[in-house]
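Accompanying notes for the structure given below.
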Number of protein chains: 2
Amino acid sequence: MAVVKLFGAWFSPYAYRVIWALKLKGIPYEYIEEDLRNKSPLLLQYNPIHKKVPVLVHDGKPICESTVILQYIDEIWPQNPLLPADPYDRAAALFWIKFADDKLYQTDGEEQQAAVKEWLEMLEVMEEHALIGGKKFFGGEEINMVDMAFTIVAYWLGVIEDVVRLEIFEPHKFPLVSLWIQNFKSILVIKENLPDADKMFALLKHGREMMLASKSN
Amino acid sequence: MAVVKLFGAWFSPYAYRVIWALKLKGIPYEYIEEDLRNKSPLLLQYNPIHKKVPVLVHDGKPICESTVILQYIDEIWPQNPLLPADPYDRAAALFWIKFADDKLYQTDGEEQQAAVKEWLEMLEVMEEHALIGGKKFFGGEEINMVDMAFTIVAYWLGVIEDVVRLEIFEPHKFPLVSLWIQNFKSILVIKENLPDADKMFALLKHGREMMLASKSN
């Protein structure tokens, strides 16, 4: 049997996308936790361009970028598909995945006010465009790669809100997103594979304090 | 026969990706030029999220985002493939396409100094990682979607340099990239489908003057 290894970090939503995909497909793998302040020589060798997790190593060959990894996993192990079979539905799914990734990129490292604006725009688009039609998940009745792309909203955002002491996601304003979060978290593979919220709160709080301290000097 | 329409803008490198893909595949299509200062109701209807070109309309259904459009075209019309058939090579191609798109996003709208830094990083990665091994194109002997993703470097960057009066791409520092540009431009479908450089120079120069004027007020 092929050897599958995953280099991840316990708090990374991008690494969790790969964990969920592998678990949904029932693929056994070895997980290697990376210390991102002290990256291993293997990580730097496997991902010399971005030096980031996740990296999937399949039969000794590395694949980087979570969306690329998920498409690869879906091609190699077709059971429990992560993307629709129909080319048009597939294109629509890839559109939303790119939207989620681009938005998340924009919220990262920005000033708080600008980041909040991006979060709200993302939530509005999810509510008004991506989830319309009474669907349980973005692709219909089953979870797929689009749900995994939007996942930060379902879990990580809550911790971020606690850290910055601000309610960005007001459930009554986004009823479809709220319902989707419930559906998403009810999936066993998701529920059983999420980072510890208290540990993540401590990590993000520490990171934020460091950042604020560096700015006031 | 299915009706294919493309909404583009004459200077957009993203629209050209789609034009090249359709021409390489030999797919007839109707081209609709959009005035981006006065977008048509159809464009807004077809791409309500980003309100941008290119948009491909196939059998009345819109597909947005050039990388998504190219993957769709490749699935619907498999002749002259835009992506490798092997799943691992395919993942590698999608990795470079994402790299090019993310970098191009970073160069856009940034301060000149930061943008130049991103351009140089992009060129270095192309030279030292993506083009190694004496390949004619990124995927080997034939042009594919990766070449189309990096295309701004092959043509648009030259015009940008003229406008900002700065040499960013010094050919002797990037011999593999220089050779690739020659190979890329020697393809008939590319050569015959590029925007007019003088017209683009005038457009970019005007845009830059407007931007500088707005900053000094």
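Note on naming: chains are A, B, ... as they come in the structure tokens, residues start from 1 per chain, ligands start from 1 in the order shown.
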
Both chains have the same sequence, so superpose chain B on chain A over all Cα atoms paired in order and return it as a short mmCIF file (atom, residue, chain, number, x, y, z; two decimals) with C-alpha atoms, in the first residue's frame.
```cif
data_model
loop_
_atom_site.label_atom_id
_atom_site.label_comp_id
_atom_site.auth_asym_id
_atom_site.auth_seq_id
_atom_site.Cartn_x
_atom_site.Cartn_y
_atom_site.Cartn_z
CA MET B 1 0.02 0.00 0.01
CA ALA B 2 1.12 3.49 -0.85
CA VAL B 3 2.63 5.49 1.96
CA VAL B 4 0.82 8.74 2.71
CA LYS B 5 2.30 11.34 5.01
CA LEU B 6 0.85 14.68 6.03
CA PHE B 7 2.90 17.56 7.40
CA GLY B 8 0.55 19.82 9.37
CA ALA B 9 0.23 22.16 12.32
CA TRP B 10 -2.42 21.47 14.99
CA PHE B 11 -4.15 24.86 14.60
CA SER B 12 -3.99 25.24 10.79
CA PRO B 13 -7.40 25.26 9.07
CA TYR B 14 -5.60 24.45 5.82
CA ALA B 15 -4.07 21.30 7.33
CA TYR B 16 -7.51 20.27 8.67
CA ARG B 17 -8.93 20.39 5.15
CA VAL B 18 -6.49 17.64 4.21
CA ILE B 19 -7.15 15.65 7.40
CA TRP B 20 -10.90 15.71 6.75
CA ALA B 21 -10.45 14.72 3.11
CA LEU B 22 -8.22 11.75 4.00
CA LYS B 23 -10.58 10.63 6.79
CA LEU B 24 -13.67 10.95 4.55
CA LYS B 25 -11.92 8.82 1.95
CA GLY B 26 -10.73 6.35 4.56
CA ILE B 27 -7.05 6.69 3.64
CA PRO B 28 -4.58 5.78 6.41
CA TYR B 29 -1.74 8.28 6.77
CA GLU B 30 1.10 9.27 9.01
CA TYR B 31 0.71 12.74 10.52
CA ILE B 32 3.79 14.84 11.22
CA GLU B 33 3.31 17.92 13.40
CA GLU B 34 5.51 20.82 12.30
CA ASP B 35 6.80 23.49 14.66
CA LEU B 36 6.37 26.52 12.39
CA ARG B 37 8.81 28.59 14.45
CA ASN B 38 11.43 25.94 13.80
CA LYS B 39 10.57 24.25 10.53
CA SER B 40 11.98 20.80 9.82
CA PRO B 41 14.51 20.27 6.99
CA LEU B 42 11.97 17.91 5.39
CA LEU B 43 9.28 20.60 5.24
CA LEU B 44 11.73 23.03 3.64
CA GLN B 45 12.77 20.36 1.16
CA TYR B 46 9.19 19.41 0.27
CA ASN B 47 7.82 22.96 0.04
CA PRO B 48 10.80 25.17 -0.87
CA ILE B 49 8.60 27.90 -2.37
CA HIS B 50 6.18 28.65 0.47
CA LYS B 51 7.75 26.69 3.36
CA LYS B 52 4.26 26.14 4.72
CA VAL B 53 1.96 23.36 5.87
CA PRO B 54 0.04 21.39 4.76
CA VAL B 55 2.25 19.20 2.59
CA LEU B 56 1.01 15.78 1.51
CA VAL B 57 3.67 13.25 0.60
CA HIS B 58 2.40 10.35 -1.51
CA ASP B 59 4.84 7.62 -2.51
CA GLY B 60 7.67 10.01 -1.63
CA LYS B 61 6.37 12.85 -3.83
CA PRO B 62 5.24 16.11 -2.18
CA ILE B 63 2.09 18.05 -3.03
CA CYS B 64 1.61 21.56 -1.60
CA GLU B 65 -1.32 23.99 -1.21
CA SER B 66 -4.45 22.60 0.41
CA THR B 67 -6.75 23.15 -2.59
CA VAL B 68 -4.27 21.42 -4.90
CA ILE B 69 -3.84 18.58 -2.38
CA LEU B 70 -7.62 18.07 -2.14
CA GLN B 71 -8.02 17.90 -5.91
CA TYR B 72 -5.16 15.38 -6.03
CA ILE B 73 -6.69 13.25 -3.27
CA ASP B 74 -10.01 13.30 -5.12
CA GLU B 75 -8.38 12.05 -8.33
CA ILE B 76 -6.35 9.30 -6.66
CA TRP B 77 -9.10 8.06 -4.33
CA PRO B 78 -12.47 8.72 -6.02
CA GLN B 79 -14.69 7.32 -3.19
CA ASN B 80 -16.77 9.95 -1.32
CA PRO B 81 -16.10 12.62 -3.96
CA LEU B 82 -14.87 16.06 -2.87
CA LEU B 83 -15.99 17.74 -6.11
CA PRO B 84 -19.12 17.28 -8.24
CA ALA B 85 -18.83 15.01 -11.28
CA ASP B 86 -20.67 17.39 -13.63
CA PRO B 87 -18.19 19.82 -15.26
CA TYR B 88 -20.39 22.87 -14.71
CA ASP B 89 -21.11 22.07 -11.05
CA ARG B 90 -17.41 21.36 -10.67
CA ALA B 91 -16.54 24.79 -12.09
CA ALA B 92 -19.05 26.41 -9.70
CA ALA B 93 -17.43 24.56 -6.78
CA LEU B 94 -13.92 25.65 -7.84
CA PHE B 95 -15.21 29.24 -8.14
CA TRP B 96 -16.39 29.23 -4.49
CA ILE B 97 -13.20 27.56 -3.30
CA LYS B 98 -11.15 30.29 -4.99
CA PHE B 99 -13.45 32.95 -3.53
CA ALA B 100 -13.00 31.55 0.00
CA ASP B 101 -9.23 31.27 -0.36
CA ASP B 102 -8.81 34.77 -1.78
CA LYS B 103 -10.98 36.28 0.96
CA LEU B 104 -9.14 34.40 3.69
CA TYR B 105 -5.88 35.64 2.25
CA GLN B 106 -7.22 39.19 2.43
CA THR B 107 -8.26 38.87 6.10
CA ASP B 108 -4.83 37.62 7.04
CA GLY B 109 -2.40 40.15 8.47
CA GLU B 110 -4.56 43.13 7.62
CA GLU B 111 -5.49 45.89 10.04
CA GLN B 112 -8.42 44.81 12.20
CA GLN B 113 -10.97 47.14 10.62
CA ALA B 114 -10.10 46.04 7.08
CA ALA B 115 -10.10 42.38 8.13
CA VAL B 116 -13.57 42.71 9.71
CA LYS B 117 -14.84 44.25 6.47
CA GLU B 118 -13.50 41.25 4.50
CA TRP B 119 -15.06 38.78 6.95
CA LEU B 120 -18.44 40.49 6.63
CA GLU B 121 -18.24 40.55 2.84
CA MET B 122 -17.44 36.87 2.90
CA LEU B 123 -20.40 36.11 5.18
CA GLU B 124 -22.76 38.18 3.01
CA VAL B 125 -21.72 36.38 -0.15
CA MET B 126 -22.11 33.00 1.56
CA GLU B 127 -25.59 33.96 2.77
CA GLU B 128 -26.87 35.69 -0.35
CA HIS B 129 -25.26 33.70 -3.14
CA ALA B 130 -23.48 30.48 -2.21
CA LEU B 131 -26.01 28.88 0.15
CA ILE B 132 -29.32 29.84 -1.46
CA GLY B 133 -31.85 27.18 -2.37
CA GLY B 134 -32.28 25.41 0.98
CA LYS B 135 -29.18 23.26 0.58
CA LYS B 136 -27.71 21.42 3.56
CA PHE B 137 -24.16 21.94 2.29
CA PHE B 138 -22.66 24.09 -0.46
CA GLY B 139 -22.86 21.24 -2.94
CA GLY B 140 -26.25 19.89 -1.85
CA GLU B 141 -26.91 16.99 0.54
CA GLU B 142 -23.30 15.89 1.02
CA ILE B 143 -20.27 17.71 2.36
CA ASN B 144 -17.62 18.53 -0.25
CA MET B 145 -14.51 20.62 -0.86
CA VAL B 146 -16.44 23.91 -0.84
CA ASP B 147 -17.56 23.33 2.74
CA MET B 148 -13.96 22.62 3.66
CA ALA B 149 -12.83 25.87 2.02
CA PHE B 150 -15.34 27.95 4.01
CA THR B 151 -14.63 26.11 7.20
CA ILE B 152 -12.79 28.91 8.99
CA VAL B 153 -16.14 30.64 9.33
CA ALA B 154 -17.60 27.55 11.02
CA TYR B 155 -15.02 27.23 13.77
CA TRP B 156 -11.89 29.39 13.66
CA LEU B 157 -13.75 32.70 13.37
CA GLY B 158 -15.38 32.11 16.78
CA VAL B 159 -11.98 31.89 18.42
CA ILE B 160 -10.75 34.97 16.53
CA GLU B 161 -13.81 36.87 17.80
CA ASP B 162 -13.03 35.88 21.37
CA VAL B 163 -9.45 37.07 20.99
CA VAL B 164 -10.29 40.46 19.47
CA ARG B 165 -13.41 40.76 21.70
CA LEU B 166 -15.69 41.59 18.82
CA GLU B 167 -18.77 39.87 17.42
CA ILE B 168 -18.21 39.71 13.66
CA PHE B 169 -20.62 36.87 12.88
CA GLU B 170 -24.08 37.77 14.22
CA PRO B 171 -26.12 34.58 13.66
CA HIS B 172 -29.50 36.34 13.22
CA LYS B 173 -28.09 38.30 10.28
CA PHE B 174 -26.87 35.14 8.55
CA PRO B 175 -29.50 32.41 9.08
CA LEU B 176 -28.34 30.23 6.17
CA VAL B 177 -24.72 30.40 7.29
CA SER B 178 -25.80 29.54 10.86
CA LEU B 179 -27.68 26.50 9.65
CA TRP B 180 -24.75 25.43 7.48
CA ILE B 181 -22.37 25.67 10.47
CA GLN B 182 -24.68 23.33 12.43
CA ASN B 183 -24.81 20.88 9.54
CA PHE B 184 -21.06 21.06 9.01
CA LYS B 185 -20.23 20.41 12.65
CA SER B 186 -22.68 17.51 12.83
CA ILE B 187 -20.52 15.45 10.45
CA LEU B 188 -18.58 12.95 12.55
CA VAL B 189 -15.29 13.32 10.66
CA ILE B 190 -15.40 17.10 11.19
CA LYS B 191 -16.57 17.00 14.82
CA GLU B 192 -13.86 14.55 15.79
CA ASN B 193 -11.10 16.45 13.99
CA LEU B 194 -11.02 20.06 15.15
CA PRO B 195 -8.32 21.83 17.13
CA ASP B 196 -8.89 22.50 20.83
CA ALA B 197 -10.56 25.93 21.14
CA ASP B 198 -8.92 26.89 24.45
CA LYS B 199 -5.46 26.02 23.18
CA MET B 200 -6.13 27.99 19.98
CA PHE B 201 -7.43 30.96 21.96
CA ALA B 202 -4.20 31.02 23.99
CA LEU B 203 -2.08 30.80 20.83
CA LEU B 204 -3.94 33.54 18.95
CA LYS B 205 -4.05 35.80 22.01
CA HIS B 206 -0.31 35.44 22.48
CA GLY B 207 0.28 36.15 18.78
CA ARG B 208 -1.91 39.22 18.90
CA GLU B 209 -0.15 40.58 22.00
CA MET B 210 3.23 40.11 20.32
CA MET B 211 1.97 41.94 17.23
CA LEU B 212 0.53 44.85 19.22
CA ALA B 213 3.71 45.09 21.32
CA SER B 214 5.88 45.21 18.20
CA LYS B 215 3.73 48.03 16.80
CA SER B 216 3.91 50.19 19.90
CA ASN B 217 7.71 50.08 19.97
#
```

Determine which residues of segment 43-217 of chain A DSSP labels as alpha helix (DSSP H) from the backbone of this structure, then write them out as number ranges by chain. A: 43-46, 66-76, 87-107, 112-125, 145-149, 151-154, 156-164, 175-186, 188-191, 197-216

Export, as a short mmCIF file (atom, residue, chain, number, x, y, z; two decimals), in the first residue's frame, the selected residues with C-alpha atoms.
```cif
data_model
loop_
_atom_site.label_atom_id
_atom_site.label_comp_id
_atom_site.auth_asym_id
_atom_site.auth_seq_id
_atom_site.Cartn_x
_atom_site.Cartn_y
_atom_site.Cartn_z
CA LEU A 43 9.28 20.58 5.23
CA LEU A 44 11.73 23.03 3.63
CA GLN A 45 12.77 20.33 1.15
CA TYR A 46 9.19 19.39 0.27
CA SER A 66 -4.45 22.59 0.41
CA THR A 67 -6.75 23.14 -2.59
CA VAL A 68 -4.27 21.41 -4.90
CA ILE A 69 -3.85 18.57 -2.38
CA LEU A 70 -7.62 18.05 -2.14
CA GLN A 71 -8.02 17.88 -5.92
CA TYR A 72 -5.16 15.37 -6.03
CA ILE A 73 -6.70 13.24 -3.27
CA ASP A 74 -10.01 13.29 -5.13
CA GLU A 75 -8.39 12.04 -8.34
CA ILE A 76 -6.36 9.28 -6.67
CA PRO A 87 -18.19 19.81 -15.28
CA TYR A 88 -20.38 22.85 -14.73
CA ASP A 89 -21.11 22.06 -11.06
CA ARG A 90 -17.40 21.36 -10.68
CA ALA A 91 -16.54 24.79 -12.11
CA ALA A 92 -19.04 26.40 -9.72
CA ALA A 93 -17.43 24.56 -6.78
CA LEU A 94 -13.93 25.65 -7.85
CA PHE A 95 -15.21 29.23 -8.15
CA TRP A 96 -16.39 29.22 -4.52
CA ILE A 97 -13.21 27.55 -3.31
CA LYS A 98 -11.15 30.27 -5.00
CA PHE A 99 -13.45 32.93 -3.55
CA ALA A 100 -13.01 31.55 -0.01
CA ASP A 101 -9.23 31.26 -0.37
CA ASP A 102 -8.81 34.76 -1.80
CA LYS A 103 -10.99 36.28 0.95
CA LEU A 104 -9.16 34.40 3.69
CA TYR A 105 -5.88 35.63 2.24
CA GLN A 106 -7.23 39.18 2.43
CA THR A 107 -8.27 38.88 6.08
CA GLN A 112 -8.41 44.82 12.22
CA GLN A 113 -10.97 47.15 10.63
CA ALA A 114 -10.10 46.04 7.09
CA ALA A 115 -10.10 42.39 8.14
CA VAL A 116 -13.57 42.72 9.72
CA LYS A 117 -14.84 44.26 6.47
CA GLU A 118 -13.50 41.26 4.49
CA TRP A 119 -15.07 38.78 6.96
CA LEU A 120 -18.44 40.50 6.64
CA GLU A 121 -18.24 40.56 2.83
CA MET A 122 -17.44 36.87 2.90
CA LEU A 123 -20.40 36.11 5.18
CA GLU A 124 -22.75 38.18 3.01
CA VAL A 125 -21.72 36.38 -0.17
CA MET A 145 -14.52 20.61 -0.86
CA VAL A 146 -16.44 23.91 -0.87
CA ASP A 147 -17.57 23.33 2.74
CA MET A 148 -13.96 22.62 3.66
CA ALA A 149 -12.83 25.86 2.00
CA THR A 151 -14.62 26.11 7.20
CA ILE A 152 -12.79 28.91 8.98
CA VAL A 153 -16.14 30.63 9.33
CA ALA A 154 -17.60 27.55 11.03
CA TRP A 156 -11.87 29.39 13.65
CA LEU A 157 -13.75 32.70 13.36
CA GLY A 158 -15.37 32.12 16.76
CA VAL A 159 -11.96 31.90 18.42
CA ILE A 160 -10.73 34.97 16.53
CA GLU A 161 -13.81 36.87 17.78
CA ASP A 162 -13.02 35.87 21.38
CA VAL A 163 -9.44 37.07 21.00
CA VAL A 164 -10.29 40.47 19.48
CA PRO A 175 -29.51 32.42 9.09
CA LEU A 176 -28.34 30.23 6.18
CA VAL A 177 -24.71 30.40 7.29
CA SER A 178 -25.79 29.55 10.86
CA LEU A 179 -27.67 26.50 9.65
CA TRP A 180 -24.74 25.42 7.48
CA ILE A 181 -22.37 25.67 10.47
CA GLN A 182 -24.67 23.33 12.43
CA ASN A 183 -24.80 20.88 9.53
CA PHE A 184 -21.06 21.07 9.01
CA LYS A 185 -20.23 20.42 12.65
CA SER A 186 -22.68 17.52 12.83
CA LEU A 188 -18.57 12.96 12.56
CA VAL A 189 -15.28 13.34 10.68
CA ILE A 190 -15.39 17.11 11.19
CA LYS A 191 -16.57 17.01 14.83
CA ALA A 197 -10.56 25.94 21.14
CA ASP A 198 -8.91 26.89 24.46
CA LYS A 199 -5.46 26.02 23.18
CA MET A 200 -6.12 28.00 19.98
CA PHE A 201 -7.42 30.97 21.98
CA ALA A 202 -4.20 31.03 23.99
CA LEU A 203 -2.08 30.81 20.85
CA LEU A 204 -3.93 33.56 18.96
CA LYS A 205 -4.05 35.80 22.03
CA HIS A 206 -0.31 35.46 22.51
CA GLY A 207 0.28 36.16 18.78
CA ARG A 208 -1.91 39.25 18.92
CA GLU A 209 -0.15 40.60 22.01
CA MET A 210 3.24 40.13 20.34
CA MET A 211 1.98 41.97 17.26
CA LEU A 212 0.52 44.86 19.26
CA ALA A 213 3.70 45.13 21.36
CA SER A 214 5.86 45.25 18.21
CA LYS A 215 3.71 48.08 16.84
CA SER A 216 3.87 50.24 19.97
#
```
